[in-house]
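Here is the file final-v7.txt (compact mmCIF, C-alpha atoms).
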```txt
# COMPACT_ATOMS: atom_id res chain seq x y z
CA MET A 708 120.16 123.58 105.78
CA ARG A 709 122.58 120.82 104.92
CA LEU A 710 120.89 117.50 105.68
CA VAL A 711 121.70 113.81 106.04
CA PHE A 712 118.49 111.79 105.77
CA ALA A 713 118.07 108.42 107.51
CA GLY A 714 115.46 105.98 106.22
CA THR A 715 115.11 102.50 104.77
CA PRO A 716 111.74 101.13 103.49
CA VAL A 717 109.25 102.28 100.86
CA THR A 718 107.49 104.28 103.58
CA ALA A 719 110.49 106.62 103.71
CA LEU A 720 110.51 107.42 99.98
CA PRO A 721 107.96 110.27 100.09
CA THR A 722 110.14 111.97 102.70
CA LEU A 723 113.31 111.68 100.64
CA ARG A 724 111.53 113.00 97.55
CA ALA A 725 110.07 115.91 99.53
CA LEU A 726 113.44 116.78 101.03
CA ALA A 727 115.13 116.65 97.61
CA ALA A 728 112.51 119.09 96.29
CA SER A 729 112.77 121.43 99.29
CA ARG A 730 114.98 124.45 99.87
CA HIS A 731 117.37 122.24 101.86
CA ALA A 732 120.33 120.24 100.53
CA VAL A 733 120.42 116.48 101.10
CA ALA A 734 124.15 115.69 101.27
CA ALA A 735 123.76 111.94 102.01
CA VAL A 736 121.37 109.27 103.20
CA VAL A 737 121.84 106.70 105.95
CA THR A 738 120.07 103.39 105.34
CA ARG A 739 120.20 99.76 106.35
CA PRO A 740 122.76 97.51 104.60
CA ASP A 741 121.90 95.44 101.53
CA ALA A 742 119.97 92.31 102.52
CA PRO A 743 119.07 88.94 100.93
CA VAL A 744 115.57 88.84 99.45
CA GLY A 745 113.40 86.02 98.06
CA ARG A 746 114.06 82.34 97.58
CA GLY A 747 117.30 82.97 95.77
CA LYS A 748 118.56 85.19 98.62
CA LYS A 749 119.89 87.70 96.15
CA MET A 750 121.27 90.83 97.79
CA HIS A 751 119.10 93.90 97.33
CA ARG A 752 119.54 97.52 98.30
CA SER A 753 116.94 99.22 100.45
CA PRO A 754 114.31 101.35 98.65
CA VAL A 755 115.95 104.48 100.07
CA ALA A 756 119.37 103.41 98.76
CA GLU A 757 117.88 102.87 95.30
CA LEU A 758 116.21 106.28 95.25
CA ALA A 759 119.38 107.93 96.55
CA GLU A 760 121.29 106.52 93.59
CA GLU A 761 118.65 107.88 91.18
CA LEU A 762 119.00 111.29 92.82
CA GLY A 763 122.81 111.16 92.83
CA ILE A 764 123.02 111.20 96.63
CA GLU A 765 125.67 109.32 98.63
CA ALA A 766 124.33 106.35 100.62
CA LEU A 767 125.90 105.33 103.94
CA LYS A 768 125.06 101.77 105.08
CA PRO A 769 126.48 101.02 108.53
CA VAL A 770 125.61 97.66 110.06
CA ARG A 771 125.40 99.60 113.33
CA PRO A 772 125.36 103.40 113.43
CA ASN A 773 128.03 103.47 116.15
CA GLU A 774 130.75 102.25 113.77
CA GLY A 775 133.79 104.50 113.67
CA TRP A 776 133.93 104.91 109.91
CA PHE A 777 130.31 106.00 109.83
CA LEU A 778 130.69 108.55 112.62
CA ASP A 779 133.84 109.93 110.94
CA ARG A 780 132.03 110.28 107.60
CA LEU A 781 129.06 111.96 109.26
CA ARG A 782 131.36 114.48 110.93
CA ALA A 783 133.07 115.13 107.60
CA ILE A 784 129.73 115.80 105.87
CA ALA A 785 128.86 118.17 108.75
CA PRO A 786 125.06 118.20 108.45
CA ASP A 787 123.09 120.96 110.15
CA CYS A 788 120.27 118.52 110.88
CA CYS A 789 119.45 114.84 110.26
CA PRO A 790 115.79 114.09 109.43
CA VAL A 791 114.64 110.48 109.94
CA THR A 792 111.75 108.36 108.64
CA ALA A 793 111.65 104.63 109.42
CA TYR A 794 115.41 104.12 109.54
CA GLY A 795 115.21 100.88 111.53
CA ALA A 796 118.13 101.14 113.99
CA LEU A 797 118.74 102.89 117.29
CA LEU A 798 121.08 105.85 117.04
CA PRO A 799 123.90 106.19 119.61
CA GLN A 800 124.48 109.42 121.47
CA SER A 801 127.77 109.83 119.57
CA ALA A 802 125.75 110.19 116.35
CA LEU A 803 122.97 112.27 117.91
CA ASP A 804 125.54 114.85 119.05
CA ILE A 805 126.97 115.55 115.58
CA PRO A 806 124.39 117.82 113.87
CA PRO A 807 123.85 121.17 115.65
CA HIS A 808 120.07 120.90 115.22
CA GLY A 809 119.97 117.21 116.14
CA TRP A 810 118.06 114.37 114.52
CA VAL A 811 114.39 115.03 113.77
CA ASN A 812 112.16 112.00 113.43
CA LEU A 813 108.87 111.60 111.56
CA HIS A 814 106.79 109.11 113.58
CA PHE A 815 103.43 107.78 112.45
CA SER A 816 101.30 108.43 115.52
CA VAL A 817 100.27 111.39 117.65
CA LEU A 818 102.80 111.04 120.43
CA PRO A 819 102.94 110.01 123.22
CA ALA A 820 100.51 107.40 121.88
CA TRP A 821 102.03 104.36 120.18
CA ARG A 822 105.74 104.76 120.71
CA GLY A 823 107.65 102.02 118.91
CA ALA A 824 108.15 100.25 115.60
CA ALA A 825 104.51 99.58 114.62
CA PRO A 826 102.33 102.55 115.58
CA VAL A 827 99.95 102.28 112.62
CA GLN A 828 99.37 98.55 113.14
CA HIS A 829 98.61 99.03 116.82
CA ALA A 830 96.25 101.96 116.19
CA ILE A 831 94.16 99.73 113.90
CA LEU A 832 94.47 96.74 116.21
CA ARG A 833 93.17 98.78 119.15
CA GLY A 834 90.29 100.24 117.13
CA ASP A 835 91.39 103.89 117.26
CA ASP A 836 89.28 106.31 115.23
CA ILE A 837 92.09 108.81 114.60
CA THR A 838 95.86 108.59 114.34
CA GLY A 839 98.42 110.91 112.76
CA ALA A 840 102.08 111.80 112.53
CA THR A 841 104.54 113.66 114.74
CA THR A 842 107.91 115.30 114.21
CA PHE A 843 110.17 115.32 117.25
CA ARG A 844 113.81 115.60 118.27
CA ILE A 845 115.35 112.18 118.87
CA VAL A 846 116.67 111.49 122.37
CA LYS A 847 118.07 108.32 123.91
CA GLU A 848 114.67 107.14 125.23
CA LEU A 849 112.45 105.54 122.56
CA ASP A 850 110.23 108.10 120.76
CA ALA A 851 110.22 110.33 123.85
CA GLY A 852 111.81 113.53 122.53
CA PRO A 853 110.18 116.97 122.44
CA VAL A 854 107.60 117.50 119.70
CA PHE A 855 107.83 120.06 116.88
CA GLY A 856 104.58 119.40 115.04
CA THR A 857 101.70 116.97 114.54
CA LEU A 858 98.94 116.17 112.06
CA THR A 859 95.91 113.90 112.37
CA GLU A 860 94.38 111.35 110.02
CA PRO A 861 91.05 109.47 110.37
CA ILE A 862 91.24 105.68 110.34
CA ARG A 863 88.70 104.40 107.83
CA PRO A 864 86.63 101.29 108.59
CA THR A 865 88.35 99.27 105.86
CA ASP A 866 91.88 100.65 106.27
CA THR A 867 94.74 98.17 106.33
CA SER A 868 98.01 99.24 107.90
CA GLY A 869 99.39 99.54 104.37
CA ASP A 870 96.57 101.88 103.29
CA LEU A 871 96.90 104.11 106.33
CA LEU A 872 100.69 104.17 106.31
CA GLY A 873 100.65 105.14 102.64
CA ARG A 874 98.57 108.24 103.39
CA LEU A 875 100.60 109.18 106.46
CA ALA A 876 103.89 108.79 104.58
CA ILE A 877 102.81 111.46 102.09
CA SER A 878 101.28 113.96 104.52
CA GLY A 879 104.01 113.30 107.07
CA ALA A 880 106.74 114.09 104.55
CA GLN A 881 105.34 117.60 104.15
CA LEU A 882 105.09 117.97 107.93
CA LEU A 883 108.78 117.10 108.23
CA VAL A 884 109.76 119.63 105.56
CA ARG A 885 107.75 122.33 107.35
CA THR A 886 109.47 121.40 110.60
CA LEU A 887 112.92 121.76 109.01
CA ASP A 888 111.92 125.10 107.49
CA ALA A 889 110.89 126.32 110.93
CA ILE A 890 114.13 125.08 112.51
CA GLU A 891 116.16 126.98 109.92
CA ASP A 892 114.01 130.10 110.35
CA GLY A 893 114.38 129.96 114.12
CA THR A 894 110.62 129.69 114.68
CA ALA A 895 110.45 126.01 115.67
CA ARG A 896 109.44 125.24 119.23
CA ALA A 897 110.03 121.79 120.68
CA VAL A 898 107.40 120.97 123.33
CA PRO A 899 108.05 118.14 125.84
CA GLN A 900 105.67 115.21 125.54
CA PRO A 901 103.09 114.82 128.31
CA ALA A 902 103.71 112.10 130.87
CA ASP A 903 100.16 110.78 130.49
CA GLY A 904 98.83 108.86 127.50
CA VAL A 905 101.98 106.87 126.72
CA SER A 906 101.33 103.59 124.88
CA LEU A 907 103.77 101.20 123.25
CA ALA A 908 103.69 99.72 119.74
CA PRO A 909 106.25 96.91 119.40
CA LYS A 910 106.72 95.22 116.04
CA LEU A 911 104.04 92.62 115.27
CA THR A 912 105.34 89.08 114.85
CA PRO A 913 103.89 86.15 112.87
CA ALA A 914 102.61 84.80 116.20
CA ASP A 915 100.64 88.03 116.67
CA ALA A 916 99.13 87.56 113.20
CA ARG A 917 97.64 84.10 113.80
CA VAL A 918 93.84 84.33 113.97
CA ASP A 919 92.01 82.95 116.99
CA TRP A 920 88.54 82.22 115.61
CA LYS A 921 87.08 82.17 119.13
CA LEU A 922 87.52 85.96 119.28
CA PRO A 923 84.65 88.30 118.36
CA ALA A 924 84.37 89.08 114.65
CA HIS A 925 85.23 92.77 115.06
CA LEU A 926 88.55 91.92 116.74
CA ILE A 927 89.46 89.48 113.95
CA ASP A 928 88.62 92.19 111.42
CA ARG A 929 90.98 94.63 113.17
CA GLN A 930 93.74 92.02 113.49
CA LEU A 931 93.74 91.14 109.80
CA ARG A 932 93.64 94.79 108.70
CA ALA A 933 96.46 95.64 111.10
CA CYS A 934 98.57 92.73 109.83
CA THR A 935 98.08 93.56 106.13
CA PRO A 936 100.50 93.62 104.41
CA ASP A 937 102.99 92.84 107.18
CA PRO A 938 103.45 90.40 108.89
CA GLY A 939 100.37 88.92 107.16
CA GLY A 940 97.43 87.26 108.92
CA TRP A 941 97.19 83.48 108.82
CA THR A 942 95.44 80.40 110.13
CA GLU A 943 95.89 76.63 110.01
CA PHE A 944 93.69 74.75 107.57
CA GLY A 945 92.47 71.17 107.25
CA ALA A 946 94.00 69.31 110.19
CA GLY A 947 94.42 65.66 109.19
CA ARG A 948 94.00 66.32 105.45
CA PRO A 949 96.71 65.84 102.79
CA ASP A 950 96.42 69.53 101.87
CA ALA A 951 96.63 70.74 105.48
CA GLY A 952 98.86 73.72 106.14
CA ARG A 953 99.08 77.42 106.74
CA LEU A 954 96.55 79.62 104.96
CA LYS A 955 97.50 83.27 104.59
CA LEU A 956 94.60 85.67 105.02
CA TRP A 957 93.77 89.14 103.79
CA PRO A 958 91.02 91.29 105.41
CA VAL A 959 87.57 89.82 105.96
CA ALA A 960 84.09 91.35 105.82
CA LEU A 961 81.78 91.23 108.80
CA ALA A 962 78.75 89.10 107.90
CA ALA A 963 76.10 91.24 109.55
CA GLY A 964 72.49 91.73 108.50
CA ALA A 965 71.88 90.01 105.17
CA GLY A 966 75.39 88.63 105.23
CA LEU A 967 74.63 86.84 108.48
CA ALA A 968 71.73 85.00 106.89
CA SER A 969 73.92 84.02 103.94
CA GLY A 970 76.76 82.97 106.19
CA GLY A 971 74.57 80.73 108.24
CA PRO A 972 74.25 81.79 111.88
CA GLY A 973 75.46 79.24 114.37
CA LEU A 974 78.77 78.40 112.70
CA ALA A 975 81.23 77.27 115.35
CA PRO A 976 84.50 79.24 115.64
CA GLY A 977 86.71 78.22 112.73
CA GLU A 978 83.93 76.31 110.96
CA LEU A 979 83.50 77.00 107.23
CA ARG A 980 80.42 77.43 105.11
CA VAL A 981 80.98 77.53 101.35
CA ASP A 982 78.43 79.27 99.12
CA ARG A 983 78.68 79.71 95.37
CA SER A 984 80.35 83.09 95.60
CA ALA A 985 81.59 83.37 99.18
CA VAL A 986 83.26 81.52 102.04
CA TYR A 987 82.13 82.22 105.60
CA VAL A 988 83.93 81.36 108.83
CA GLY A 989 82.45 81.15 112.30
CA THR A 990 83.90 83.36 115.05
CA GLY A 991 83.12 84.01 118.68
CA THR A 992 80.19 86.18 117.53
CA VAL A 993 78.90 86.48 113.94
CA PRO A 994 80.50 84.79 110.92
CA VAL A 995 82.93 86.69 108.69
CA ARG A 996 83.31 86.44 104.92
CA LEU A 997 86.84 85.60 103.82
CA GLY A 998 88.57 87.92 101.37
CA ASP A 999 91.68 86.79 99.50
CA VAL A 1000 93.64 83.80 100.75
CA GLN A 1001 96.91 82.09 99.86
CA PRO A 1002 97.50 78.39 100.55
CA GLN A 1003 101.07 77.27 101.11
CA GLY A 1004 103.02 77.05 97.88
CA LYS A 1005 100.25 78.65 95.81
CA ARG A 1006 99.28 82.10 94.58
CA ARG A 1007 97.00 84.61 96.25
CA MET A 1008 93.36 84.13 95.18
CA PRO A 1009 89.78 84.98 96.18
CA ALA A 1010 88.48 82.64 98.86
CA SER A 1011 85.69 81.51 96.54
CA ASP A 1012 88.29 80.26 94.03
CA TRP A 1013 90.19 78.45 96.77
CA ALA A 1014 86.97 76.87 98.03
CA ARG A 1015 86.20 75.28 94.67
CA GLY A 1016 88.79 72.66 95.52
CA LEU A 1017 87.14 71.85 98.84
CA ARG A 1018 84.45 69.22 99.44
CA PRO A 1019 81.90 70.57 101.91
CA ALA A 1020 79.28 68.43 103.62
CA ALA A 1021 75.91 67.81 101.97
CA ASP A 1022 74.31 70.73 103.82
CA GLY A 1023 77.00 73.09 102.50
CA THR A 1024 78.81 73.46 105.82
CA ALA A 1025 82.33 72.11 106.24
CA SER A 1026 82.92 70.33 109.52
CA VAL A 1027 85.48 71.63 111.97
CA THR A 1028 87.45 68.40 111.93
CA SER A 1029 87.75 68.05 108.16
CA LEU A 1030 87.76 71.61 106.84
CA GLY A 1031 87.98 73.81 109.87
CA LEU A 1032 90.36 76.73 110.40
CA ALA A 1033 92.38 76.70 113.59
```
Output the file's structure in the form of C-alpha cells.
Amino acid sequence: MRLVFAGTPVTALPTLRALAASRHAVAAVVTRPDAPVGRGKKMHRSPVAELAEELGIEALKPVRPNEGWFLDRLRAIAPDCCPVTAYGALLPQSALDIPPHGWVNLHFSVLPAWRGAAPVQHAILRGDDITGATTFRIVKELDAGPVFGTLTEPIRPTDTSGDLLGRLAISGAQLLVRTLDAIEDGTARAVPQPADGVSLAPKLTPADARVDWKLPAHLIDRQLRACTPDPGGWTEFGAGRPDAGRLKLWPVALAAGAGLASGGPGLAPGELRVDRSAVYVGTGTVPVRLGDVQPQGKRRMPASDWARGLRPAADGTASVTSLGLA
C-alpha cells in the first residue's frame, strides 16, 4: 500500500524504520513543526522529520492538520492508509476521510485501558503488572476506534516509563506492520472496543511529578518511575537555606529488610539520613534510598555525591527544617 506516516518523537522512529523496510511504500510523513529547544531556543526538527530526511521521504509539518494546504497535499499524495505513532495532534474528520483504509494508530496500552497521551506512565503509576500495545482505526472520539490487533508486555519492578516505552515502541512497530499487511490482504478485522474497562491517561504535568513524602514508599517508587524521563520527578530541598531550591529526582529504591536498618526506621516524611554511600528519605511508611538527583543549575549526580556537600546533624540524620525534602 501507499502510506503517509504520522509521528513526531523518538518513540515513533522504530515504526518509521519498520514501515520503510516493509513491503509498503512510505510516500510522506506528517510531523509536528520545528520547535525551539534548549536555552538558546534554537529551532530543531522533530526526530521523525530528521529520519525522514535521511530516508529521502517528504515531511509535511502543519501547525494544525486541518490547514487547507496540508489537506490538499494529502489528497494529491493519495495514500491508501495512514499509520500513526505518537503524532501529537488531533486529526480532523476532513483528514480522516482521505485514505480509503483510514488512519491506523499504534497506541501503547491494551485498549480500552489507558486512552490518552500517557498510557505507559499511567500503567506504571497505577501499579499494573501487564500493559501492551494496540492497533486501531482512528475515529473522532479519543482512542475509541475499532481494534485490529494487540500485544502484551510485562511491567518489570524497576521499569521507568522510558524503559517500558522503548520496548513497546519496537514490538509495537512490528504489530503495526502486520496490521497493514492484513489490511492490504483483506484479512484484517476491526473489532469494536468493549464499553467496560475504559480508563483515561492524560499527559502528566510537572505538578503531577512533585513527590509528596507523606505517601507510602511504594507509591513514591511508582510515581518516580512513571515520571522518568518525562516530566521528571522533583521535590523542594532545604527551606530557609541559601542552597534551597528544586531537586530533580530519578527512581528510588525501597529500603526494606536490611536497607530499612541502614536507612534508620522512624525517619519522618521528607527527613534525610546521610550514610557514607547512600541517602535515605522518610516516607509515609518505610524510608527509600535516593538514586540520582540534580540540584538546580547543576549536573545529574548520585545522591551520595550530592550529599557530600550537606552538613547532617551529629547523629547522622538531617533535620526536617534544615535539610528536609518537601
For a quick check of understanding, using only C-alpha atoms, which of A:Leu858, A:Leu954, A:Leu931, A:Val884 has the smallest distance to Leu710 in chain A? A:Val884
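Contact shell of Gln930 in chain A at 6 Å (only C-alpha atoms; same-chain neighbours under 3 positions omitted): A:Leu832, A:Ile927, A:Ala933.
One distance worth recording is that between CA of Ala889 in chain A and CA of Arg739 in chain A, which is 28.5 Å.
Separating CA of Leu926 in chain A from CA of Pro994 in chain A is a distance of 12.2 Å.
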Computed interatomic separation between CA of Leu720 in chain A and CA of Arg844 in chain A (Å): 20.3 Å
Could you list, as number ranges by chain, every residue within 12 Å of range 749-752 of chain A, counting only C-alpha atoms and ignoring same-chain residues fewer than 5 positions away? A: 715-717, 738-744, 757-760, 766-768
Got a sec: who's within 7 Å of Ser1011 in chain A, counting all atoms listed in the file, leaving out chain neighbours fewer than 2 positions off, as a ChimeraX atom specification? /A:984-986,1009,1013-1015
Enumerate, as a ChimeraX atom specification, the protein, DNA and RNA residues whose atoms approach (107.8, 94.9, 118.3) to within 7 Å, taking into account all atoms listed in the file and the coordinate frame of the file. /A:824-825,908-911
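Distance check against Arg983 in chain A using all atoms listed in the file: of A:Asp1012, A:Thr942, A:Tyr794, A:His731, the minimum falls on A:Asp1012.
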Using all atoms listed in the file, the shortest atom-to-atom distance to Arg953 in chain A among A:Asp892, A:Gln881, A:Gly939, A:Pro1002 belongs to A:Pro1002
Please provide as a PyMOL selection string all residues within 9 Å of Thr912 in chain A, with the sequence filter that same-chain residues fewer than 4 positions apart are discarded (counting only C-alpha atoms). chain A and resi 916+937-938
Output the selection as a PDB file, keeping the file's coordinate frame - C-alpha atoms for each residue.
```
ATOM      1  CA  ALA A 916      99.130  87.560 113.200  1.00  0.00           C
ATOM      2  CA  ASP A 937     102.990  92.840 107.180  1.00  0.00           C
ATOM      3  CA  PRO A 938     103.450  90.400 108.890  1.00  0.00           C
TER       4      PRO A 938
END
```
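Of the residues under consideration (A:Lys1005, A:Arg833, A:Lys847, A:Arg771), A:Lys847 shows the shortest atom-to-atom contact distance to Asp804 in chain A when counting all atoms listed in the file.
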Pro721 in chain A surroundings by only C-alpha atoms, 7 Å radius, close-in-sequence under 5 positions cut, as a list in words: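 Skipping anything fewer than 5 positions along the chain leaves Ala876, Ile877 and Ala880 of chain A.
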Could you check which of A:Ala962, A:Met708, A:Cys934, A:Leu849 is closest to Val905 in chain A, using only C-alpha atoms?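 The shortest atom-to-atom distance to Val905 in chain A comes from A:Leu849.
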Considering only C-alpha atoms, state which residue in the set A:Gln900, A:Thr718, A:Gln800, A:Ser753 is at the smallest distance from Ala820 in chain A.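 Smallest separation from Ala820 in chain A among the options: A:Gln900.
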